[in-house]
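Participant: Sharing a structure below in C-alpha coordinates format, with a few things to ask.
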Amino acid sequence: MLKTLIIFLILIAGLIVGPMIAGHQGIAFFQLAGYRIKMSFTTFLVLEAILFVVLYLIYWLIKKITGTSSLLGRWMRLVSPKRSTKRLEIANLMMLEGNYKKAQKLYTQGAKYSHNIAVTYLQAVRAALNNNDITSAYQLLEKAAPHCQDKERFAFQLTQIRIEVQNNEVTTARYHIEQLLDDHPRNNELLKMADKVYCQLQDYQAAIGLFPSMYKAATYTEQYLDQHKQAVYLARIQQLANNNDVNALYNWWKDQPRAVRNTVAYQKEMAVHLATQGKQDEAQKLLNQLAKNQKIAE
(Lines give C-alpha, C1' and ligand atoms only; values in the text may rest on other atoms or scores of the structure.)
Protein backbone atom coordinates (compact mmCIF):
# COMPACT_ATOMS: atom_id res chain seq x y z
CA MET A 1 0.00 0.00 0.00
CA LEU A 2 2.81 2.41 0.86
CA LYS A 3 4.46 1.76 -2.51
CA THR A 4 1.16 2.51 -4.26
CA LEU A 5 0.87 5.77 -2.33
CA ILE A 6 4.39 6.84 -3.28
CA ILE A 7 3.82 6.05 -6.96
CA PHE A 8 0.52 7.93 -6.92
CA LEU A 9 2.11 11.00 -5.31
CA ILE A 10 4.92 10.97 -7.87
CA LEU A 11 2.36 10.92 -10.69
CA ILE A 12 0.42 13.76 -9.08
CA ALA A 13 3.62 15.76 -8.68
CA GLY A 14 4.38 15.23 -12.36
CA LEU A 15 0.93 16.38 -13.38
CA ILE A 16 1.29 19.48 -11.22
CA VAL A 17 4.82 20.45 -12.17
CA GLY A 18 4.34 19.79 -15.89
CA PRO A 19 1.59 22.37 -16.51
CA MET A 20 3.34 24.86 -14.23
CA ILE A 21 6.49 24.64 -16.33
CA ALA A 22 4.43 24.95 -19.50
CA GLY A 23 2.79 28.08 -18.09
CA HIS A 24 -0.76 26.74 -18.34
CA GLN A 25 -2.27 24.97 -15.34
CA GLY A 26 -5.62 24.16 -16.91
CA ILE A 27 -9.07 24.39 -15.33
CA ALA A 28 -11.18 21.87 -13.39
CA PHE A 29 -14.91 22.65 -13.52
CA PHE A 30 -17.64 20.79 -11.57
CA GLN A 31 -21.38 21.34 -11.59
CA LEU A 32 -23.58 19.48 -9.11
CA ALA A 33 -27.18 20.20 -8.03
CA GLY A 34 -26.99 23.80 -9.16
CA TYR A 35 -23.59 24.42 -7.61
CA ARG A 36 -20.61 25.27 -9.73
CA ILE A 37 -17.07 24.68 -8.58
CA LYS A 38 -14.20 26.05 -10.60
CA MET A 39 -10.52 25.70 -9.76
CA SER A 40 -7.19 25.28 -11.43
CA PHE A 41 -6.27 21.78 -12.45
CA THR A 42 -3.22 21.99 -10.18
CA THR A 43 -5.41 22.75 -7.16
CA PHE A 44 -7.66 19.83 -8.06
CA LEU A 45 -4.70 17.45 -8.16
CA VAL A 46 -3.40 18.71 -4.83
CA LEU A 47 -6.81 18.13 -3.23
CA GLU A 48 -6.98 14.67 -4.77
CA ALA A 49 -3.54 13.83 -3.37
CA ILE A 50 -4.59 15.04 0.08
CA LEU A 51 -7.75 12.91 -0.11
CA PHE A 52 -5.73 9.85 -1.04
CA VAL A 53 -3.34 10.42 1.87
CA VAL A 54 -6.31 10.77 4.24
CA LEU A 55 -7.76 7.49 2.96
CA TYR A 56 -4.42 5.80 3.51
CA LEU A 57 -4.22 7.09 7.09
CA ILE A 58 -7.76 5.83 7.77
CA TYR A 59 -6.81 2.42 6.40
CA TRP A 60 -3.65 2.37 8.51
CA LEU A 61 -5.64 3.18 11.66
CA ILE A 62 -8.20 0.46 10.92
CA LYS A 63 -5.42 -2.07 10.43
CA LYS A 64 -3.75 -1.08 13.70
CA ILE A 65 -7.00 -1.23 15.65
CA THR A 66 -8.22 -4.56 14.30
CA GLY A 67 -4.80 -6.19 14.09
CA THR A 68 -5.82 -7.92 10.89
CA SER A 69 -6.63 -7.19 7.29
CA SER A 70 -10.24 -6.28 6.67
CA LEU A 71 -12.09 -6.23 3.37
CA LEU A 72 -10.91 -2.64 3.01
CA GLY A 73 -7.36 -3.82 3.49
CA ARG A 74 -7.79 -6.48 0.84
CA TRP A 75 -9.22 -3.97 -1.60
CA MET A 76 -6.52 -1.39 -1.00
CA ARG A 77 -3.73 -3.94 -1.19
CA LEU A 78 -5.28 -5.56 -4.23
CA VAL A 79 -4.86 -8.97 -2.61
CA SER A 80 -6.72 -11.77 -4.32
CA PRO A 81 -8.16 -14.56 -2.12
CA LYS A 82 -7.41 -16.97 -4.95
CA ARG A 83 -3.78 -15.92 -4.88
CA SER A 84 -3.63 -16.50 -1.14
CA THR A 85 -5.22 -19.94 -1.50
CA LYS A 86 -2.74 -20.85 -4.21
CA ARG A 87 0.14 -19.75 -1.99
CA LEU A 88 -1.07 -22.00 0.84
CA GLU A 89 -1.46 -24.94 -1.53
CA ILE A 90 2.14 -24.51 -2.61
CA ALA A 91 3.18 -24.26 1.06
CA ASN A 92 1.49 -27.60 1.77
CA LEU A 93 3.33 -29.13 -1.16
CA MET A 94 6.65 -27.72 0.08
CA MET A 95 6.00 -29.31 3.48
CA LEU A 96 5.41 -32.69 1.88
CA GLU A 97 8.57 -32.31 -0.20
CA GLY A 98 10.64 -31.38 2.84
CA ASN A 99 11.35 -27.81 1.73
CA TYR A 100 10.49 -26.43 5.16
CA LYS A 101 12.13 -23.03 4.75
CA LYS A 102 10.09 -22.27 1.64
CA ALA A 103 6.93 -23.65 3.25
CA GLN A 104 7.45 -21.42 6.29
CA LYS A 105 7.82 -18.36 4.07
CA LEU A 106 4.67 -19.15 2.08
CA TYR A 107 2.58 -19.88 5.17
CA THR A 108 3.72 -16.62 6.72
CA GLN A 109 2.95 -14.61 3.59
CA GLY A 110 -0.47 -16.17 3.18
CA ALA A 111 -1.53 -16.16 6.83
CA LYS A 112 -3.10 -12.69 6.96
CA TYR A 113 -5.42 -13.45 4.06
CA SER A 114 -6.17 -17.10 4.78
CA HIS A 115 -9.54 -18.39 5.95
CA ASN A 116 -8.04 -19.26 9.34
CA ILE A 117 -5.14 -16.99 10.26
CA ALA A 118 -4.22 -18.78 13.50
CA VAL A 119 -4.03 -22.24 11.92
CA THR A 120 -1.92 -20.97 9.03
CA TYR A 121 0.55 -19.36 11.42
CA LEU A 122 0.68 -22.62 13.40
CA GLN A 123 1.48 -24.44 10.17
CA ALA A 124 4.31 -21.97 9.68
CA VAL A 125 5.53 -22.81 13.19
CA ARG A 126 5.56 -26.51 12.31
CA ALA A 127 7.61 -25.75 9.20
CA ALA A 128 10.06 -23.68 11.27
CA LEU A 129 10.42 -26.53 13.78
CA ASN A 130 11.07 -29.01 11.00
CA ASN A 131 13.81 -26.64 9.87
CA ASN A 132 15.06 -26.44 13.49
CA ASP A 133 14.49 -22.67 13.52
CA ILE A 134 13.38 -22.15 17.12
CA THR A 135 13.59 -18.35 17.01
CA SER A 136 11.24 -18.09 14.04
CA ALA A 137 8.94 -20.67 15.60
CA TYR A 138 8.47 -18.52 18.70
CA GLN A 139 7.96 -15.37 16.61
CA LEU A 140 5.30 -17.07 14.50
CA LEU A 141 3.62 -18.44 17.61
CA GLU A 142 3.32 -14.88 18.92
CA LYS A 143 1.70 -13.83 15.65
CA ALA A 144 -0.80 -16.68 15.92
CA ALA A 145 -1.77 -15.89 19.51
CA PRO A 146 -4.06 -12.86 18.90
CA HIS A 147 -6.04 -14.75 16.27
CA CYS A 148 -6.68 -17.95 18.25
CA GLN A 149 -10.31 -18.70 18.95
CA ASP A 150 -11.44 -21.25 21.54
CA LYS A 151 -11.52 -24.04 18.97
CA GLU A 152 -7.85 -23.42 18.09
CA ARG A 153 -6.60 -22.96 21.64
CA PHE A 154 -5.60 -26.59 22.21
CA ALA A 155 -3.72 -26.75 18.90
CA PHE A 156 -1.92 -23.55 19.90
CA GLN A 157 -0.94 -25.04 23.27
CA LEU A 158 0.31 -28.25 21.68
CA THR A 159 2.40 -26.24 19.25
CA GLN A 160 3.87 -24.23 22.11
CA ILE A 161 4.84 -27.45 23.90
CA ARG A 162 6.41 -28.84 20.72
CA ILE A 163 8.69 -25.81 20.57
CA GLU A 164 9.64 -26.20 24.23
CA VAL A 165 10.36 -29.92 23.85
CA GLN A 166 12.46 -29.39 20.73
CA ASN A 167 14.34 -26.57 22.47
CA ASN A 168 14.98 -28.81 25.52
CA GLU A 169 12.90 -26.57 27.79
CA VAL A 170 11.71 -29.72 29.51
CA THR A 171 10.74 -28.17 32.85
CA THR A 172 8.53 -25.57 31.19
CA ALA A 173 7.16 -28.18 28.81
CA ARG A 174 6.25 -30.43 31.74
CA TYR A 175 4.33 -27.62 33.41
CA HIS A 176 2.29 -26.95 30.27
CA ILE A 177 1.76 -30.66 29.59
CA GLU A 178 0.36 -31.32 33.05
CA GLN A 179 -2.05 -28.42 32.64
CA LEU A 180 -3.56 -30.22 29.66
CA LEU A 181 -3.42 -33.90 30.59
CA ASP A 182 -6.53 -33.89 32.78
CA ASP A 183 -8.68 -32.47 29.98
CA HIS A 184 -7.00 -34.45 27.18
CA PRO A 185 -5.86 -37.73 28.79
CA ARG A 186 -5.85 -39.70 25.53
CA ASN A 187 -4.48 -37.21 23.06
CA ASN A 188 -1.65 -39.03 21.31
CA GLU A 189 0.49 -35.97 20.62
CA LEU A 190 0.25 -34.84 24.22
CA LEU A 191 1.01 -38.34 25.54
CA LYS A 192 4.05 -38.70 23.29
CA MET A 193 5.49 -35.39 24.43
CA ALA A 194 4.69 -36.15 28.07
CA ASP A 195 6.47 -39.50 27.82
CA LYS A 196 9.50 -37.90 26.20
CA VAL A 197 9.69 -35.12 28.78
CA TYR A 198 9.29 -37.44 31.78
CA CYS A 199 12.01 -39.75 30.49
CA GLN A 200 14.34 -36.83 29.82
CA LEU A 201 13.76 -35.62 33.37
CA GLN A 202 14.26 -39.21 34.59
CA ASP A 203 10.89 -39.08 36.31
CA TYR A 204 10.19 -42.69 35.50
CA GLN A 205 7.33 -42.97 37.96
CA ALA A 206 5.46 -40.24 36.11
CA ALA A 207 6.22 -42.00 32.83
CA ILE A 208 4.83 -45.25 34.26
CA GLY A 209 1.60 -43.43 35.03
CA LEU A 210 1.12 -42.68 31.32
CA PHE A 211 1.05 -46.28 30.14
CA PRO A 212 -2.65 -47.02 30.82
CA SER A 213 -3.64 -44.02 28.70
CA MET A 214 -1.08 -44.80 26.00
CA TYR A 215 -2.37 -48.37 25.67
CA LYS A 216 -6.00 -47.22 25.51
CA ALA A 217 -5.23 -44.48 22.99
CA ALA A 218 -2.92 -46.77 20.97
CA THR A 219 -0.30 -44.04 21.06
CA TYR A 220 2.25 -46.50 19.70
CA THR A 221 2.02 -50.09 18.54
CA GLU A 222 1.42 -52.57 21.34
CA GLN A 223 4.79 -54.20 20.68
CA TYR A 224 6.60 -50.90 21.06
CA LEU A 225 4.64 -50.02 24.19
CA ASP A 226 5.53 -53.38 25.77
CA GLN A 227 9.22 -52.83 25.08
CA HIS A 228 9.15 -49.22 26.23
CA LYS A 229 7.21 -50.10 29.37
CA GLN A 230 9.78 -52.71 30.31
CA ALA A 231 12.64 -50.25 29.78
CA VAL A 232 10.93 -47.60 31.93
CA TYR A 233 10.15 -50.04 34.75
CA LEU A 234 13.71 -51.34 34.78
CA ALA A 235 15.00 -47.77 34.84
CA ARG A 236 12.73 -47.01 37.80
CA ILE A 237 13.95 -50.07 39.70
CA GLN A 238 17.56 -49.08 39.05
CA GLN A 239 16.81 -45.51 40.12
CA LEU A 240 15.34 -46.63 43.44
CA ALA A 241 18.20 -49.07 44.00
CA ASN A 242 20.73 -46.28 43.46
CA ASN A 243 19.18 -44.36 46.35
CA ASN A 244 20.47 -47.08 48.72
CA ASP A 245 17.12 -47.23 50.49
CA VAL A 246 16.19 -50.87 50.22
CA ASN A 247 12.97 -50.41 52.19
CA ALA A 248 11.74 -47.75 49.76
CA LEU A 249 12.59 -50.07 46.88
CA TYR A 250 10.78 -53.02 48.45
CA ASN A 251 7.71 -50.98 49.43
CA TRP A 252 7.49 -49.60 45.90
CA TRP A 253 7.64 -53.15 44.55
CA LYS A 254 4.81 -54.31 46.82
CA ASP A 255 2.64 -51.42 45.59
CA GLN A 256 2.92 -52.45 41.95
CA PRO A 257 0.08 -54.30 40.18
CA ARG A 258 0.23 -58.09 40.20
CA ALA A 259 0.92 -58.17 36.46
CA VAL A 260 4.05 -56.11 37.05
CA ARG A 261 5.21 -58.20 40.01
CA ASN A 262 4.77 -61.37 37.94
CA THR A 263 6.91 -60.10 35.07
CA VAL A 264 10.09 -62.16 34.81
CA ALA A 265 12.40 -59.30 33.84
CA TYR A 266 11.28 -57.20 36.81
CA GLN A 267 11.53 -60.13 39.23
CA LYS A 268 15.11 -60.81 38.19
CA GLU A 269 16.11 -57.16 38.51
CA MET A 270 14.44 -56.81 41.91
CA ALA A 271 16.02 -60.01 43.22
CA VAL A 272 19.50 -58.78 42.31
CA HIS A 273 19.06 -55.42 44.02
CA LEU A 274 17.35 -56.84 47.11
CA ALA A 275 20.12 -59.38 47.57
CA THR A 276 22.81 -56.76 47.03
CA GLN A 277 21.28 -54.46 49.64
CA GLY A 278 20.78 -57.07 52.35
CA LYS A 279 17.22 -58.30 51.90
CA GLN A 280 18.23 -61.89 51.22
CA ASP A 281 14.92 -63.44 52.28
CA GLU A 282 12.86 -61.22 50.03
CA ALA A 283 15.26 -61.82 47.16
CA GLN A 284 15.01 -65.58 47.66
CA LYS A 285 11.21 -65.40 47.66
CA LEU A 286 11.32 -63.65 44.32
CA LEU A 287 13.69 -66.26 42.90
CA ASN A 288 11.46 -69.08 44.17
CA GLN A 289 8.42 -67.42 42.63
CA LEU A 290 10.34 -66.96 39.40
CA ALA A 291 11.29 -70.65 39.31
CA LYS A 292 7.70 -71.65 40.05
CA ASN A 293 6.35 -69.47 37.24
CA GLN A 294 8.87 -70.90 34.81
CA LYS A 295 7.82 -74.48 35.69
CA ILE A 296 4.17 -73.57 35.16
CA ALA A 297 5.04 -72.04 31.81
CA GLU A 298 6.78 -75.24 30.76
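FYI, nothing fancy with the C-alpha coordinates labels: chains A, B, ... in order, residues from 1 per chain, ligands from 1 as they appear.
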Neighbours of A:Ala207 within 8 Å (only C-alpha atoms; same-chain residues fewer than 3 positions away dropped), as a ChimeraX atom specification?

Facilitator: /A:194-195,198-199,203-204,210-211,232

Participant: Near A:Ala271, within 7 Å and counting only C-alpha atoms, which residues show up once chain neighbours fewer than 5 positions away are dropped, as a ChimeraX atom specification?

Facilitator: /A:283,286-287

Participant: Using N, CA and C atoms, can you write the selected residues to a file as a PDB file, in the first residue's frame?

Facilitator:
ATOM      1  N   ALA A 283      14.682 -61.480  48.458  1.00  0.00           N
ATOM      2  CA  ALA A 283      15.264 -61.820  47.162  1.00  0.00           C
ATOM      3  C   ALA A 283      15.042 -63.295  46.849  1.00  0.00           C
ATOM      4  N   LEU A 286      11.524 -64.014  45.723  1.00  0.00           N
ATOM      5  CA  LEU A 286      11.325 -63.653  44.319  1.00  0.00           C
ATOM      6  C   LEU A 286      11.897 -64.717  43.388  1.00  0.00           C
ATOM      7  N   LEU A 287      13.071 -65.225  43.735  1.00  0.00           N
ATOM      8  CA  LEU A 287      13.689 -66.257  42.899  1.00  0.00           C
ATOM      9  C   LEU A 287      12.864 -67.535  42.909  1.00  0.00           C
TER      10      LEU A 287
END

Participant: Between atom CA of A:Ala206 and atom CA of A:Ala137, what is the distance in Å, rounded to a tenth?

Facilitator: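 These atoms are spaced 28.6 Å apart.
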